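Below is one structure, written out as structure tokens; the observations come after it.
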Amino acid sequence: MSRLIPCLLCLLFFLPTVAAADSDQQAQLQAVTSSLEMAFPNIPLKQLAPTPIDGVYEIVTQKGEILYFAPRSGHILVGEIWSSHGQNLTRESHNRLMTAKLALFPLDQALKIGNGPNQVIEVSDPDCPFCRDGSEFFAARDDVTRYIFLFPLDRLHPQADAKSRYILSAEDQEAAYEEVFSGTYDKQPLPEFKDNGQLAIHRQIVSKVGINSTPRYWINGKFVSGSNPKEFEKLLDK
């Protein structure tokens, strides 16, 4: 008991200091937020946080864009922040934001393939070569459960919309997916099918998450942008 009393006294002195520091930081962030809103009223601010660079703050917009604000000079900075150790801090922030959006995917609306212990959520375009690379990687594994949301990029791949509708309207979606992603219908017409409207649901879901390019993955809850087999292996091993 005699040893516990000094520890408790130290804690009582320490807590007000921590509370004051938190209060000062909140007040500072509020002042920076007010400065930003006055200087750039058209930026739809969602979140603001300090960066490792003194006087520079990270802005997250309502659209999920990451910008930087220097309140002393009143400038908005666009680009990436890298540490001296080679860490892309901007990308890490973006990945955290995207990881937090995992709950926006209703898995019962996805095309499901596999029944393994690793959960993989994919946003994919049937005619995107990088999407096909990712699909080939996961098709070779039996330890994943894949939840696939199709998001054809019409301007880049004019046939992708019809291929996506064909997959999602098929009685055997998995078989249709494998046919399309293996290139079966790249040089021959699709079989006749009756569109069930599922692609419109996929587009709506993906747009709500804030994605406008493919492929995108969430592997065991962690976000990965693009087809990156080394990163896939790392997250699957975990």
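By order of appearance in the structure tokens: chains A, B, ..., then residues from 1 within every chain, and ligands from 1 in the order shown.
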
If you take only C-alpha atoms and a cut-off of 10 Å, which residues of range 109-150 of chain A touch range 160-178 of chain A, and what are their nearest atom pairs and distances in Å to one decimal, in chain and number order, as CSV?
```
residue,atom,partner,partner_atom,distance
A:Ala110,CA,A:Leu168,CA,9.2
A:Leu111,CA,A:Gln173,CA,7.0
A:Lys112,CA,A:Glu174,CA,7.5
A:Ile113,CA,A:Glu174,CA,6.5
A:Gly114,CA,A:Glu174,CA,9.4
A:Ser124,CA,A:Ser164,CA,9.6
A:Asp125,CA,A:Ala160,CA,6.6
A:Pro126,CA,A:Ala160,CA,5.7
A:Asp127,CA,A:Ala160,CA,5.6
A:Cys128,CA,A:Ala160,CA,8.5
A:Ser135,CA,A:Glu178,CA,9.0
A:Glu136,CA,A:Glu178,CA,9.5
A:Ala139,CA,A:Glu178,CA,9.1
A:Ile148,CA,A:Tyr177,CA,9.9
A:Phe149,CA,A:Ser164,CA,9.6
A:Leu150,CA,A:Ser164,CA,6.4
```

Residues at most 10 Å from range 49-64 of chain A, counting only C-alpha atoms, excluding those fewer than 5 positions away in the same chain, as a JSON list (two decimals) with C-alpha atoms, in the first residue's frame?
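Saved the output as part-v6.json:
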```
[["chain", "number", "residue", "atom", "x", "y", "z"],
["A", 25, "GLN", "CA", -4.87, 20.49, -29.35],
["A", 28, "GLN", "CA", -5.83, 24.54, -32.17],
["A", 29, "LEU", "CA", -7.55, 22.18, -34.61],
["A", 32, "VAL", "CA", -7.26, 25.81, -38.14],
["A", 33, "THR", "CA", -10.64, 24.46, -39.26],
["A", 36, "LEU", "CA", -9.68, 26.79, -43.67],
["A", 43, "ILE", "CA", -13.84, 22.61, -49.87],
["A", 44, "PRO", "CA", -16.25, 20.08, -48.29],
["A", 69, "PHE", "CA", -3.41, 23.13, -45.62],
["A", 70, "ALA", "CA", -0.80, 25.60, -44.38],
["A", 71, "PRO", "CA", -2.81, 28.11, -42.28],
["A", 72, "ARG", "CA", 0.10, 30.52, -41.76],
["A", 73, "SER", "CA", 0.37, 31.24, -45.48],
["A", 75, "HIS", "CA", -2.20, 27.81, -49.07],
["A", 76, "ILE", "CA", -3.65, 24.43, -50.08],
["A", 77, "LEU", "CA", -1.01, 21.87, -51.01],
["A", 81, "ILE", "CA", 4.16, 13.41, -48.00],
["A", 83, "SER", "CA", 9.09, 10.21, -44.59],
["A", 89, "LEU", "CA", 2.32, 8.89, -45.45],
["A", 90, "THR", "CA", -0.38, 10.13, -47.82],
["A", 93, "SER", "CA", -3.76, 7.81, -44.68],
["A", 94, "HIS", "CA", -5.76, 6.96, -47.78],
["A", 97, "LEU", "CA", -9.75, 5.78, -44.86],
["A", 98, "MET", "CA", -10.59, 3.04, -47.36],
["A", 208, "LYS", "CA", -21.14, 5.09, -52.41],
["A", 209, "VAL", "CA", -17.78, 3.77, -51.19],
["A", 210, "GLY", "CA", -16.11, 6.44, -53.35],
["A", 211, "ILE", "CA", -14.27, 4.26, -55.85]]
```

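The closest residue to Leu199 in chain A, picked from A:Phe151, A:Val120, A:Asp108, A:Phe130 and counting only C-alpha atoms, is A:Phe151.
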
(request) Mind the document's chain letters and residue numbers, and return as JSON, numbers by chain the residues of range 23-134 of chain A that DSSP labels strand (DSSP E or B). (result) {"A": [45, 46, 47, 48, 49, 50, 57, 58, 59, 60, 61, 66, 67, 68, 69, 70, 75, 76, 77, 82, 88, 111, 112, 113, 118, 119, 120, 121, 122, 123, 124]}

(request) Write out as a PyMOL selection string each polymer residue whose atoms come within 7 Å of range 99-102 of chain A, counting only C-alpha atoms; drop sequence neighbours fewer than 4 positions from it. (result) chain A and resi 95+209+221-223

(request) Identify, on the basis of only C-alpha atoms, every residue whose closest approach to Tyr217 in chain A does not exceed 6 Å; exclude the query and any residue fewer than 2 positions from it along the same chain; express the result as a PyMOL selection string. (result) chain A and resi 121-122+223-224

For the residues selected in the previous step, produce a file with N, CA and C atoms as a compact mmCIF listing (two decimals), in the first residue's frame.
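Contents of selection07.txt, as written:
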```txt
# COMPACT_ATOMS: atom_id res chain seq x y z
N ILE A 121 -12.59 -8.96 -50.53
CA ILE A 121 -13.62 -8.19 -51.23
C ILE A 121 -12.94 -7.51 -52.41
N GLU A 122 -13.53 -7.67 -53.59
CA GLU A 122 -12.93 -7.15 -54.81
C GLU A 122 -13.89 -6.20 -55.52
N PHE A 223 -7.15 -2.63 -46.83
CA PHE A 223 -7.32 -2.14 -48.19
C PHE A 223 -6.03 -2.25 -48.99
N VAL A 224 -6.17 -2.67 -50.25
CA VAL A 224 -5.05 -2.73 -51.19
C VAL A 224 -5.52 -2.12 -52.50
```

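The shell of residues at most 12 Å from Lys230 in chain A, with only C-alpha atoms counted and near chain neighbours (fewer than 5 positions) removed, consists of A:Gly134, A:Phe137, A:Val224, A:Leu235, A:Leu236, A:Asp237.
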
Written selection (C-alpha atoms) as a PDB file, in the first residue's frame:
```pdb
ATOM      1  CA  GLY A 134      -5.734 -10.281 -59.554  1.00  0.00           C
ATOM      2  CA  PHE A 137      -3.976 -14.904 -58.447  1.00  0.00           C
ATOM      3  CA  VAL A 224      -5.054  -2.725 -51.189  1.00  0.00           C
ATOM      4  CA  LEU A 235      -2.132 -10.128 -45.815  1.00  0.00           C
ATOM      5  CA  LEU A 236      -3.266 -13.671 -46.553  1.00  0.00           C
ATOM      6  CA  ASP A 237      -0.431 -15.120 -44.479  1.00  0.00           C
TER       7      ASP A 237
END
```

(request) Within 9 Å of Gly79 in chain A, counting only C-alpha atoms, which residues show up once you throw out same-chain ones fewer than 3 positions away? Write them as a PyMOL selection string, please. (result) chain A and resi 66-68+90

(message) Just to confirm, what's the straight-line distance from CA of Pro129 in chain A to CA of Glu233 in chain A in Å (one decimal)?
(response) 19.7 Å

(message) Rounded to one decimal, what separation in Å do you get between CA of Asn88 in chain A and CA of Phe105 in chain A?
(response) 26.8 Å

(request) DSSP on the backbone, then: every residue of range 48-180 of chain A marked helix (DSSP H, G or I), written as a ChimeraX atom specification. (result) /A:89-99,102-104,107-109,129-139,160-169,173-180

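The spacing separating CA of Asn42 in chain A from CA of Ser207 in chain A amounts to 21.7 Å.
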